[in-house]
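K.L.:
Sharing protein_10.cif, mmCIF, C-alpha atoms and all ligand atoms:
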data_target
#
loop_
_atom_site.label_atom_id
_atom_site.label_comp_id
_atom_site.auth_asym_id
_atom_site.auth_seq_id
_atom_site.Cartn_x
_atom_site.Cartn_y
_atom_site.Cartn_z
CA MET A 192 114.91 88.19 75.23
CA SER A 193 117.56 89.57 77.58
CA GLY A 194 117.52 91.86 80.63
CA GLN A 195 114.25 93.19 82.05
CA PRO A 196 111.17 92.87 79.87
CA THR A 197 110.08 96.19 78.37
CA PHE A 198 106.56 97.42 79.05
CA LEU A 199 104.81 100.46 77.70
CA HIS A 200 104.06 101.23 81.37
CA GLU A 201 106.03 100.70 84.57
CA LEU A 202 104.08 98.40 86.87
CA VAL A 203 103.24 98.48 90.56
CA GLY A 204 100.28 96.89 92.24
CA SER A 205 98.59 95.39 95.22
CA MET A 206 98.64 91.78 96.42
CA SER A 207 95.68 90.98 98.63
CA GLN A 208 92.69 88.73 98.96
CA GLY A 209 89.31 90.15 98.00
CA ALA A 210 90.93 93.05 96.15
CA ALA A 211 88.04 93.79 93.78
CA GLY A 212 87.12 97.47 93.66
CA ASN A 213 90.09 98.57 95.79
CA PRO A 214 89.80 102.41 95.90
CA THR A 215 93.59 102.64 96.23
CA VAL A 216 93.82 102.00 92.48
CA ALA A 217 91.97 105.23 91.72
CA MET A 218 94.10 107.18 94.18
CA ILE A 219 97.48 105.92 92.96
CA GLU A 220 96.60 106.10 89.27
CA ALA A 221 95.34 109.68 89.76
CA ALA A 222 98.86 110.56 90.95
CA PHE A 223 100.45 108.84 87.95
CA GLY A 224 98.08 110.64 85.56
CA HIS A 225 98.57 114.03 87.22
CA HIS A 226 102.36 113.78 87.04
CA GLY A 227 102.43 112.40 83.48
CA LEU A 228 103.89 109.05 84.54
CA HIS A 229 103.26 106.08 82.26
CA TRP A 230 102.75 103.74 85.17
CA ARG A 231 99.95 101.34 86.09
CA TYR A 232 98.77 100.12 89.51
CA ILE A 233 97.17 96.71 89.26
CA ASN A 234 95.14 94.73 91.79
CA MET A 235 96.28 91.12 92.06
CA GLU A 236 94.27 88.68 94.12
CA VAL A 237 96.78 86.23 95.60
CA ALA A 238 95.94 83.19 97.73
CA PRO A 239 98.26 82.65 100.74
CA GLU A 240 99.76 79.48 99.27
CA ASP A 241 100.66 81.33 96.06
CA LEU A 242 102.36 84.33 97.70
CA GLY A 243 105.97 83.19 97.12
CA ALA A 244 105.29 82.46 93.44
CA ALA A 245 103.49 85.80 93.07
CA VAL A 246 106.43 87.74 94.56
CA ARG A 247 108.90 85.90 92.33
CA GLY A 248 106.60 86.62 89.38
CA ALA A 249 106.43 90.34 90.18
CA HIS A 250 110.23 90.40 90.39
CA ALA A 251 110.63 88.55 87.10
CA LEU A 252 108.13 90.82 85.37
CA GLY A 253 110.03 93.93 86.44
CA PHE A 254 107.41 95.33 88.84
CA ARG A 255 108.77 98.43 90.59
CA GLY A 256 107.00 97.36 93.75
CA PHE A 257 103.63 96.53 95.23
CA ASN A 258 101.44 96.97 98.27
CA CYS A 259 100.33 93.97 100.23
CA SER A 260 97.45 93.79 102.65
CA LEU A 261 95.99 91.14 104.91
CA PRO A 262 96.63 88.23 105.06
CA HIS A 263 100.06 88.79 103.47
CA LYS A 264 101.64 91.56 105.61
CA VAL A 265 103.77 89.23 107.75
CA THR A 266 104.20 86.15 105.54
CA VAL A 267 105.52 88.22 102.62
CA ILE A 268 108.69 88.96 104.63
CA SER A 269 110.19 85.52 104.03
CA HIS A 270 109.96 86.13 100.26
CA LEU A 271 111.79 89.50 100.28
CA ASP A 272 115.49 90.47 100.11
CA GLY A 273 115.44 92.91 103.04
CA LEU A 274 113.41 95.26 105.23
CA GLY A 275 113.33 98.97 105.98
CA GLU A 276 113.97 100.06 109.58
CA SER A 277 110.39 100.39 110.83
CA ALA A 278 109.14 97.30 108.96
CA ALA A 279 111.92 95.28 110.63
CA VAL A 280 110.91 96.56 114.10
CA MET A 281 107.19 95.93 113.66
CA GLY A 282 107.55 92.71 111.66
CA ALA A 283 104.97 93.69 109.04
CA VAL A 284 105.20 94.95 105.46
CA ASN A 285 102.52 96.71 103.45
CA CYS A 286 104.70 98.16 100.69
CA VAL A 287 107.45 96.46 98.69
CA VAL A 288 109.96 98.57 96.79
CA ARG A 289 112.39 97.42 94.12
CA ARG A 290 115.81 98.86 94.90
CA GLY A 291 118.30 97.74 92.26
CA ASP A 292 117.59 94.05 91.88
CA LYS A 293 116.28 93.63 95.41
CA LEU A 294 112.74 93.67 96.75
CA ILE A 295 112.72 95.56 100.06
CA GLY A 296 109.77 95.56 102.45
CA GLU A 297 108.60 98.83 104.00
CA ASN A 298 105.61 99.77 106.10
CA THR A 299 103.91 102.95 104.96
CA ASP A 300 100.92 102.84 107.36
CA GLY A 301 102.85 104.44 110.22
CA LYS A 302 104.77 106.69 107.83
CA GLY A 303 101.47 107.93 106.37
CA PHE A 304 100.27 108.73 109.88
CA LEU A 305 103.52 110.52 110.69
CA LYS A 306 103.25 112.62 107.54
CA SER A 307 99.75 113.72 108.62
CA LEU A 308 101.00 114.46 112.14
CA ARG A 309 103.95 116.49 110.88
CA SER A 310 101.50 118.73 108.99
CA VAL A 311 100.26 120.04 112.38
CA THR A 312 103.05 119.41 114.94
CA HIS A 313 106.52 117.96 115.54
CA PRO A 314 106.49 114.47 117.11
CA GLN A 315 109.74 114.94 119.08
CA GLY A 316 109.21 114.94 122.82
CA LYS A 317 105.45 114.45 122.63
CA SER A 318 103.38 112.31 124.99
CA VAL A 319 101.01 110.07 123.02
CA VAL A 320 97.91 108.06 123.96
CA ILE A 321 96.99 105.37 121.44
CA PHE A 322 93.78 103.33 121.59
CA GLY A 323 94.28 99.83 120.13
CA ALA A 324 97.18 97.44 119.76
CA GLY A 325 96.52 95.77 116.39
CA GLY A 326 98.36 96.21 113.10
CA ALA A 327 97.55 99.91 112.66
CA ALA A 328 98.46 100.78 116.27
CA ARG A 329 101.72 98.85 116.01
CA ALA A 330 102.70 100.61 112.76
CA ILE A 331 101.90 104.05 114.17
CA ALA A 332 103.53 103.47 117.58
CA VAL A 333 106.78 102.16 116.07
CA GLU A 334 107.00 105.06 113.62
CA LEU A 335 106.31 107.57 116.41
CA GLY A 336 108.96 105.88 118.55
CA LEU A 337 111.51 106.16 115.75
CA ALA A 338 110.51 109.83 115.29
CA GLY A 339 111.41 110.62 118.90
CA VAL A 340 108.19 110.86 120.91
CA ARG A 341 108.75 110.95 124.67
CA LYS A 342 106.10 108.52 125.88
CA ILE A 343 103.42 106.21 124.49
CA THR A 344 100.44 105.01 126.54
CA VAL A 345 98.72 102.05 124.86
CA VAL A 346 95.05 101.73 125.87
CA ASN A 347 93.72 98.35 124.78
CA ARG A 348 90.81 96.09 125.65
CA SER A 349 92.80 92.87 125.43
CA GLU A 350 95.66 92.83 127.94
CA PRO A 351 97.90 90.30 126.15
CA ARG A 352 97.75 92.17 122.84
CA GLY A 353 98.33 95.52 124.50
CA GLY A 354 101.18 94.09 126.57
CA GLU A 355 102.86 92.68 123.47
CA LEU A 356 102.95 96.12 121.82
CA VAL A 357 104.25 97.84 124.95
CA GLU A 358 106.97 95.19 125.30
CA LEU A 359 108.00 95.70 121.66
CA LEU A 360 108.25 99.48 122.15
CA ARG A 361 110.28 99.07 125.32
CA SER A 362 112.63 96.33 124.12
CA LYS A 363 113.26 97.36 120.51
CA LEU A 364 112.99 101.16 120.77
CA LYS A 365 113.88 101.69 124.47
CA LEU A 366 110.77 103.83 124.70
CA ASP A 367 108.88 104.92 127.80
CA ALA A 368 105.72 102.88 127.09
CA GLU A 369 102.89 101.82 129.40
CA LEU A 370 99.76 99.73 129.07
CA VAL A 371 96.34 100.72 130.32
CA VAL A 372 93.82 97.90 130.10
CA TRP A 373 90.71 99.58 128.70
CA ARG A 374 87.75 99.30 131.05
CA GLY A 375 85.03 101.97 131.13
CA ASP A 376 85.44 105.54 129.90
CA TYR A 377 89.14 106.39 129.69
CA VAL A 378 90.17 109.83 130.94
CA ILE A 379 92.97 111.34 128.81
CA PRO A 380 95.79 112.46 131.14
CA ALA A 381 96.26 116.24 131.20
CA GLY A 382 99.86 115.98 129.85
CA ALA A 383 98.90 114.10 126.66
CA ASP A 384 99.80 115.95 123.45
CA VAL A 385 98.54 113.47 120.84
CA VAL A 386 95.56 111.10 121.10
CA ILE A 387 95.00 108.44 118.43
CA ASN A 388 92.16 106.04 117.78
CA ALA A 389 93.89 103.05 116.14
CA THR A 390 91.04 100.61 116.79
CA SER A 391 88.45 99.64 114.19
CA ILE A 392 85.72 101.45 116.18
CA GLY A 393 83.94 103.83 113.80
CA LEU A 394 84.56 101.97 110.55
CA TYR A 395 81.39 102.40 108.43
CA ASP A 396 79.59 103.75 111.53
CA ALA A 397 79.72 107.52 112.06
CA GLU A 398 77.97 107.22 115.44
CA ALA A 399 80.18 104.49 116.95
CA ARG A 400 81.58 105.71 120.25
CA LEU A 401 85.01 105.20 121.73
CA SER A 402 84.79 104.50 125.45
CA LEU A 403 86.36 107.83 126.41
CA ASP A 404 85.58 110.77 128.67
CA VAL A 405 85.17 113.42 125.95
CA GLY A 406 85.52 116.13 128.58
CA SER A 407 89.21 115.17 128.83
CA LEU A 408 89.79 116.19 125.18
CA LYS A 409 91.30 119.69 125.36
CA PRO A 410 92.32 122.54 123.05
CA GLY A 411 96.00 122.16 122.21
CA MET A 412 95.76 118.38 121.84
CA VAL A 413 96.09 116.72 118.44
CA VAL A 414 93.39 114.05 118.09
CA ALA A 415 93.73 111.59 115.22
CA ASP A 416 91.63 108.73 113.90
CA VAL A 417 92.76 105.88 111.64
CA ILE A 418 89.22 105.32 110.35
CA PRO A 419 89.14 106.41 106.70
CA ASN A 420 85.44 105.81 106.06
CA PRO A 421 83.55 107.77 107.19
CA PRO A 422 86.31 110.31 107.86
CA HIS A 423 84.10 112.45 110.13
CA THR A 424 83.94 109.93 112.96
CA ARG A 425 82.28 110.69 116.25
CA LEU A 426 85.75 111.11 117.79
CA MET A 427 86.73 113.66 115.13
CA ARG A 428 83.50 115.62 115.76
CA ASP A 429 83.83 115.47 119.57
CA ALA A 430 87.47 116.56 119.43
CA ALA A 431 86.78 119.46 117.05
CA GLU A 432 83.92 120.64 119.28
CA ARG A 433 86.33 120.80 122.22
CA GLY A 434 88.89 122.83 120.28
CA ALA A 435 91.43 120.06 119.59
CA THR A 436 93.31 119.84 116.28
CA THR A 437 91.96 116.87 114.31
CA LEU A 438 93.56 114.53 111.77
CA ASP A 439 91.25 112.11 109.99
CA GLY A 440 92.00 108.59 108.76
CA LEU A 441 91.46 109.54 105.14
CA GLY A 442 94.52 111.78 105.41
CA MET A 443 96.55 108.88 106.79
CA LEU A 444 95.36 106.63 103.94
CA VAL A 445 96.25 109.28 101.35
CA ASN A 446 99.65 109.86 102.95
CA GLN A 447 100.56 106.16 103.00
CA GLY A 448 99.79 106.26 99.26
CA VAL A 449 101.95 109.38 98.89
CA VAL A 450 104.86 107.61 100.61
CA GLY A 451 104.39 104.53 98.40
CA VAL A 452 104.42 106.60 95.19
CA GLU A 453 107.53 108.44 96.45
CA TYR A 454 109.26 105.11 97.11
CA TRP A 455 108.36 103.62 93.75
CA THR A 456 108.76 106.60 91.41
CA GLY A 457 111.09 108.99 93.25
CA ILE A 458 108.68 111.90 92.76
CA GLU A 459 106.65 113.62 95.47
CA PRO A 460 103.05 113.32 94.29
CA ASP A 461 100.30 115.90 94.81
CA ALA A 462 98.38 114.70 97.88
CA THR A 463 95.33 116.85 97.07
CA VAL A 464 94.88 115.15 93.71
CA MET A 465 95.15 111.77 95.43
CA ARG A 466 92.66 112.68 98.18
CA THR A 467 90.12 113.94 95.65
CA ALA A 468 90.39 110.69 93.66
CA LEU A 469 90.05 108.61 96.82
CA GLU A 470 87.01 110.58 98.03
CA ARG A 471 85.39 110.07 94.63
CA ALA A 472 86.16 106.32 94.67
CA LEU A 473 84.73 106.02 98.19
CA ARG A 474 81.71 108.19 97.20
CA LEU A 475 82.36 110.59 100.09
P1 LIG A 501 93.34 94.78 114.13
O1 LIG A 501 92.22 93.80 114.00
O2 LIG A 501 94.73 94.32 114.00
O3 LIG A 501 93.20 95.54 115.54
C1 LIG A 501 91.98 96.08 115.95
C2 LIG A 501 92.16 96.82 117.26
O4 LIG A 501 90.91 97.44 117.59
C3 LIG A 501 92.53 95.94 118.45
O5 LIG A 501 93.39 96.65 119.31
C4 LIG A 501 91.16 95.70 119.12
O6 LIG A 501 91.27 95.46 120.49
C5 LIG A 501 90.51 97.03 118.91
N1 LIG A 501 89.04 96.95 118.94
C6 LIG A 501 88.22 96.53 117.96
N2 LIG A 501 86.95 96.63 118.36
C7 LIG A 501 86.96 97.11 119.62
C8 LIG A 501 85.96 97.45 120.58
N3 LIG A 501 84.65 97.29 120.30
N4 LIG A 501 86.35 97.94 121.78
C9 LIG A 501 87.66 98.11 122.07
N5 LIG A 501 88.66 97.81 121.21
C10 LIG A 501 88.31 97.32 120.01
O7 LIG A 501 93.01 95.91 113.05
P2 LIG A 501 94.05 96.93 112.38
O8 LIG A 501 94.91 97.49 113.44
O9 LIG A 501 94.67 96.32 111.20
O10 LIG A 501 93.04 98.05 111.84
C11 LIG A 501 92.35 98.91 112.73
C12 LIG A 501 91.65 99.97 111.92
O11 LIG A 501 92.62 100.78 111.29
C13 LIG A 501 90.76 99.42 110.80
O12 LIG A 501 89.48 99.99 110.90
C14 LIG A 501 91.42 99.89 109.53
O13 LIG A 501 90.46 100.28 108.56
C15 LIG A 501 92.19 101.11 109.99
N6 LIG A 501 93.40 101.36 109.19
C16 LIG A 501 93.48 102.58 108.58
C17 LIG A 501 94.58 102.89 107.82
C18 LIG A 501 94.64 104.22 107.16
O14 LIG A 501 95.56 104.42 106.36
N7 LIG A 501 93.75 105.14 107.49
C19 LIG A 501 95.69 101.94 107.63
C20 LIG A 501 95.52 100.70 108.35
C21 LIG A 501 94.39 100.43 109.08
P3 LIG A 501 91.58 93.98 121.08
O15 LIG A 501 93.06 93.77 120.95
O16 LIG A 501 91.11 94.09 122.47
O17 LIG A 501 90.76 93.02 120.25
#
If you convert what's in this file into structure tokens, what do you get?
P.N.:
Amino acid sequence: MSGQPTFLHELVGSMSQGAAGNPTVAMIEAAFGHHGLHWRYINMEVAPEDLGAAVRGAHALGFRGFNCSLPHKVTVISHLDGLGESAAVMGAVNCVVRRGDKLIGENTDGKGFLKSLRSVTHPQGKSVVIFGAGGAARAIAVELGLAGVRKITVVNRSEPRGGELVELLRSKLKLDAELVVWRGDYVIPAGADVVINATSIGLYDAEARLSLDVGSLKPGMVVADVIPNPPHTRLMRDAAERGATTLDGLGMLVNQGVVGVEYWTGIEPDATVMRTALERALRL
């Protein structure tokens, strides 16, 4: 046998732990089916100690790329040939793309968010408040910084974690970034254009409340949530009631899938088809 092995289908997939039932499969394969692509997206459960062998295996088997989720998002980097711009800044990869013979790490979480944001406003020059400083917040803040926002205020419960993100934004992106240590109900400053919940508050709990003065949510603001399930979080409902434009976490999840499919296949998939498949898989 010489050259790349030939498969009936092109392969991409997901390397994670506890991958069983991953609804992403339904979403990505719906795009492949809709666009007549003979591709498959396969869940692969990979233990941390096997990650290097798994990446080499995917390369040898001709995979066109793969997603990786926790606990592999940082450790995968040492097994790749290079990184995209935002993945290099944030130091985390959730999407690997085969470019020529090289496996390049990208981060589509922030790019998915940005795609959702661009559907309602331009990020350039905007003042952003982001709750949280974990992986999702980092991915979103870095992507927003690269897209030209004017200022990012990070509101986080833990000071060290919040400080680390602010320092990264200042040092690597030369961004006007400040930390607010989150104590009590936060009042959104009047000049904020975009407000984002990037904490895990609200996951599987539609009534969970962000410690926030909802009276400071105003018409004209864009209010976004990373929580995909349930998509109608309390924050989304409160913001809509006060006349803000809302972006739910399901849209971000769909859009990170859209960006992944674009990277792997070169086609721009139909996001509506993907969202419908994801909603069905999540029984929403
Ligand atoms: P991390 O564990 O890395 O970070 C969690 C963040 O939430 C931290 O900033 C933490 O604050 C904060 N937090 C958690 N609970 C509370 C609380 N009770 N009060 C105040 N702050 C709190 O998680 P990730 O960043 O990886 O993920 C966050 C959420 O984003 C998850 O629910 C995940 O499902 C969602 N997500 C959605 C995506 C999408 O495409 N829609 C993509 C990626 C993630 P502290 O530092 O003080 O602990």
K.L.:
Would you list the contacts of Ala221 of chain A as a ChimeraX atom specification, taking every protein, DNA or RNA residue within 12 Å and counting only C-alpha atoms, but skipping same-chain residues closer than 6 positions in sequence?
P.N.:
/A:214-215,227-232,445,448-449,452,460-472
K.L.:
Using all atoms listed in the file, determine which residues lie at most 10 Å from Glu398 of chain A, disregarding the query and same-chain residues fewer than 4 positions distant; provide the list as number ranges by chain.
P.N.:
A: 392-394, 421, 423-426
K.L.:
For segment 322-337 of chain A, work out the shell of residues within 6 Å, counting all atoms listed in the file and skipping chain neighbours fewer than 6 positions away, then give it as a VMD selection string.
P.N.:
chain A and resid 301 346 to 347 353 388 to 390
K.L.:
With distances taken over all atoms listed in the file, which of A:Lys363, A:Gln315, A:Lys342, A:Ser349 is nearest to Ser277 of chain A?
P.N.:
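Answer, going by the shortest atom-to-atom distance: A:Lys363.
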K.L.:
Under the rule that only C-alpha atoms are counted, which of A:Pro314, A:Gly204, A:Gly451, A:Gly354 is the nearest residue to Asn298 of chain A?
P.N.:
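Using only C-alpha atoms, Asn298 of chain A sits closest to A:Gly451.
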K.L.:
Just how far from atom CA of Asp292 of chain A is atom CA of Ala245 of chain A, in Å to one decimal?
P.N.:
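Rounded to one decimal, the two atoms are 16.4 Å apart.
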K.L.:
Select, from A:Pro419, A:Gly316, A:Gly224, A:Gly291, the residue with the minimum atom-to-atom distance to ligand LIG 501 (chain A), counting all atoms listed in the file.
P.N.:
A:Pro419
K.L.:
Excluding same-chain residues fewer than 6 positions from Asn234 of chain A, what lies within 12 Å of it counting only C-alpha atoms, as JSON, numbers by chain?
P.N.:
{"A": [202, 203, 204, 205, 206, 207, 208, 209, 210, 211, 212, 213, 214, 215, 216, 217, 219, 220, 257, 258, 259, 260]}
K.L.:
Which of these, A:Glu350, A:Asp396, A:Asp384, A:Glu432, has the shortest distance to ligand LIG 501 (chain A) once you count only C-alpha atoms and all ligand atoms?
P.N.:
A:Glu350
K.L.:
Can you tell me, as AutoDock Vina command-line options, the centre and edge lengths (Å, one decimal) of the axis-aligned box enclosing all of ligand LIG 501 (chain A)'s listed atoms after padding each side by 5 Å?
P.N.:
--center_x 90.2 --center_y 99.1 --center_z 114.4 --size_x 21.0 --size_y 22.1 --size_z 26.1
K.L.:
I'd like the interatomic distance between atom CA of Tyr454 of chain A and atom CA of Leu274 of chain A, to a tenth of an Å.
P.N.:
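Rounded to one decimal, the two atoms are 13.4 Å apart.
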K.L.:
Mind pulling up the distance from atom O14 of ligand LIG 501 (chain A) to atom CA of Met218 of chain A?
P.N.:
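These two atoms are separated by 12.6 Å.
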K.L.:
Identify which of the residues A:Arg374, A:His200, A:Arg428, A:Arg309 lies closest to ligand LIG 501 (chain A), counting all atoms listed in the file when measuring atom-to-atom distances.
P.N.:
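Once distances to ligand LIG 501 (chain A) are computed over all atoms listed in the file, the minimum belongs to A:Arg374.
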K.L.:
Within 10 Å of (114.2, 100.5, 100.1) (coordinates as in the file), grab all the protein and nucleic acid residues, counting all atoms listed in the file, and write them out as a VMD selection string.
P.N.:
chain A and resid 273 to 276 286 to 291 293 to 297 454 to 455
K.L.:
For ligand LIG 501 (chain A), which of A:Ser318, A:Ser269, A:Asn420, A:Thr436 is the closest residue, counting all atoms listed in the file?
P.N.:
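Once distances to ligand LIG 501 (chain A) are computed over all atoms listed in the file, the minimum belongs to A:Asn420.
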K.L.:
Can you list, as a PDB file with C-alpha atoms, keeping the file's coordinate frame, every protein, DNA or RNA residue that comes within 10 Å of Asp404 of chain A when you count all atoms listed in the file, leaving out same-chain residues fewer than 6 positions away?
P.N.:
ATOM      1  CA  GLY A 375      85.030 101.970 131.130  1.00  0.00           C
ATOM      2  CA  ASP A 376      85.440 105.540 129.900  1.00  0.00           C
ATOM      3  CA  TYR A 377      89.140 106.390 129.690  1.00  0.00           C
ATOM      4  CA  VAL A 378      90.170 109.830 130.940  1.00  0.00           C
ATOM      5  CA  ILE A 379      92.970 111.340 128.810  1.00  0.00           C
TER       6      ILE A 379
END
K.L.:
Take segment 216-235 of chain A, bring it up to N, CA, C and O atoms, and give me the output as a short mmCIF file (atom, residue, chain, number, x, y, z; two decimals), in the coordinates of the input.
P.N.:
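This went into out.cif:
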data_model
loop_
_atom_site.label_atom_id
_atom_site.label_comp_id
_atom_site.auth_asym_id
_atom_site.auth_seq_id
_atom_site.Cartn_x
_atom_site.Cartn_y
_atom_site.Cartn_z
N VAL A 216 93.46 101.94 93.90
CA VAL A 216 93.82 102.00 92.48
C VAL A 216 93.55 103.40 91.94
O VAL A 216 94.40 104.02 91.30
N ALA A 217 92.34 103.91 92.22
CA ALA A 217 91.97 105.23 91.72
C ALA A 217 92.91 106.30 92.25
O ALA A 217 93.34 107.20 91.52
N MET A 218 93.25 106.17 93.54
CA MET A 218 94.10 107.18 94.18
C MET A 218 95.51 107.18 93.58
O MET A 218 96.06 108.24 93.24
N ILE A 219 96.10 106.00 93.45
CA ILE A 219 97.48 105.92 92.96
C ILE A 219 97.54 106.30 91.47
O ILE A 219 98.43 107.03 91.03
N GLU A 220 96.56 105.80 90.71
CA GLU A 220 96.60 106.10 89.27
C GLU A 220 96.30 107.58 88.99
O GLU A 220 96.76 108.13 88.00
N ALA A 221 95.56 108.23 89.91
CA ALA A 221 95.34 109.68 89.76
C ALA A 221 96.68 110.41 89.87
O ALA A 221 96.95 111.37 89.14
N ALA A 222 97.53 109.94 90.80
CA ALA A 222 98.86 110.56 90.95
C ALA A 222 99.68 110.34 89.68
O ALA A 222 100.31 111.28 89.16
N PHE A 223 99.68 109.12 89.18
CA PHE A 223 100.45 108.84 87.95
C PHE A 223 99.97 109.75 86.82
O PHE A 223 100.78 110.36 86.10
N GLY A 224 98.64 109.83 86.65
CA GLY A 224 98.08 110.64 85.56
C GLY A 224 98.45 112.11 85.73
O GLY A 224 98.91 112.77 84.79
N HIS A 225 98.32 112.61 86.95
CA HIS A 225 98.57 114.03 87.22
C HIS A 225 100.03 114.40 86.93
O HIS A 225 100.31 115.51 86.47
N HIS A 226 100.94 113.48 87.21
CA HIS A 226 102.36 113.78 87.04
C HIS A 226 102.91 113.26 85.70
O HIS A 226 104.13 113.23 85.50
N GLY A 227 102.02 112.83 84.82
CA GLY A 227 102.43 112.40 83.48
C GLY A 227 103.30 111.15 83.48
O GLY A 227 104.17 110.98 82.61
N LEU A 228 103.10 110.28 84.47
CA LEU A 228 103.89 109.05 84.54
C LEU A 228 103.17 107.91 83.82
O LEU A 228 101.98 107.68 84.09
N HIS A 229 103.87 107.22 82.96
CA HIS A 229 103.26 106.08 82.26
C HIS A 229 103.41 104.84 83.12
O HIS A 229 104.18 103.93 82.81
N TRP A 230 102.70 104.83 84.21
CA TRP A 230 102.75 103.74 85.17
C TRP A 230 101.34 103.19 85.35
O TRP A 230 100.37 103.90 85.13
N ARG A 231 101.23 101.95 85.75
CA ARG A 231 99.95 101.34 86.09
C ARG A 231 100.03 100.71 87.47
O ARG A 231 101.07 100.18 87.85
N TYR A 232 98.90 100.76 88.19
CA TYR A 232 98.77 100.12 89.51
C TYR A 232 97.68 99.07 89.38
O TYR A 232 96.53 99.39 89.05
N ILE A 233 98.06 97.83 89.60
CA ILE A 233 97.17 96.71 89.26
C ILE A 233 96.83 95.90 90.51
O ILE A 233 97.73 95.52 91.27
N ASN A 234 95.54 95.61 90.69
CA ASN A 234 95.14 94.73 91.79
C ASN A 234 95.40 93.27 91.41
O ASN A 234 94.99 92.83 90.34
N MET A 235 96.04 92.53 92.33
CA MET A 235 96.28 91.12 92.06
C MET A 235 95.77 90.33 93.26
O MET A 235 96.25 90.53 94.38
#
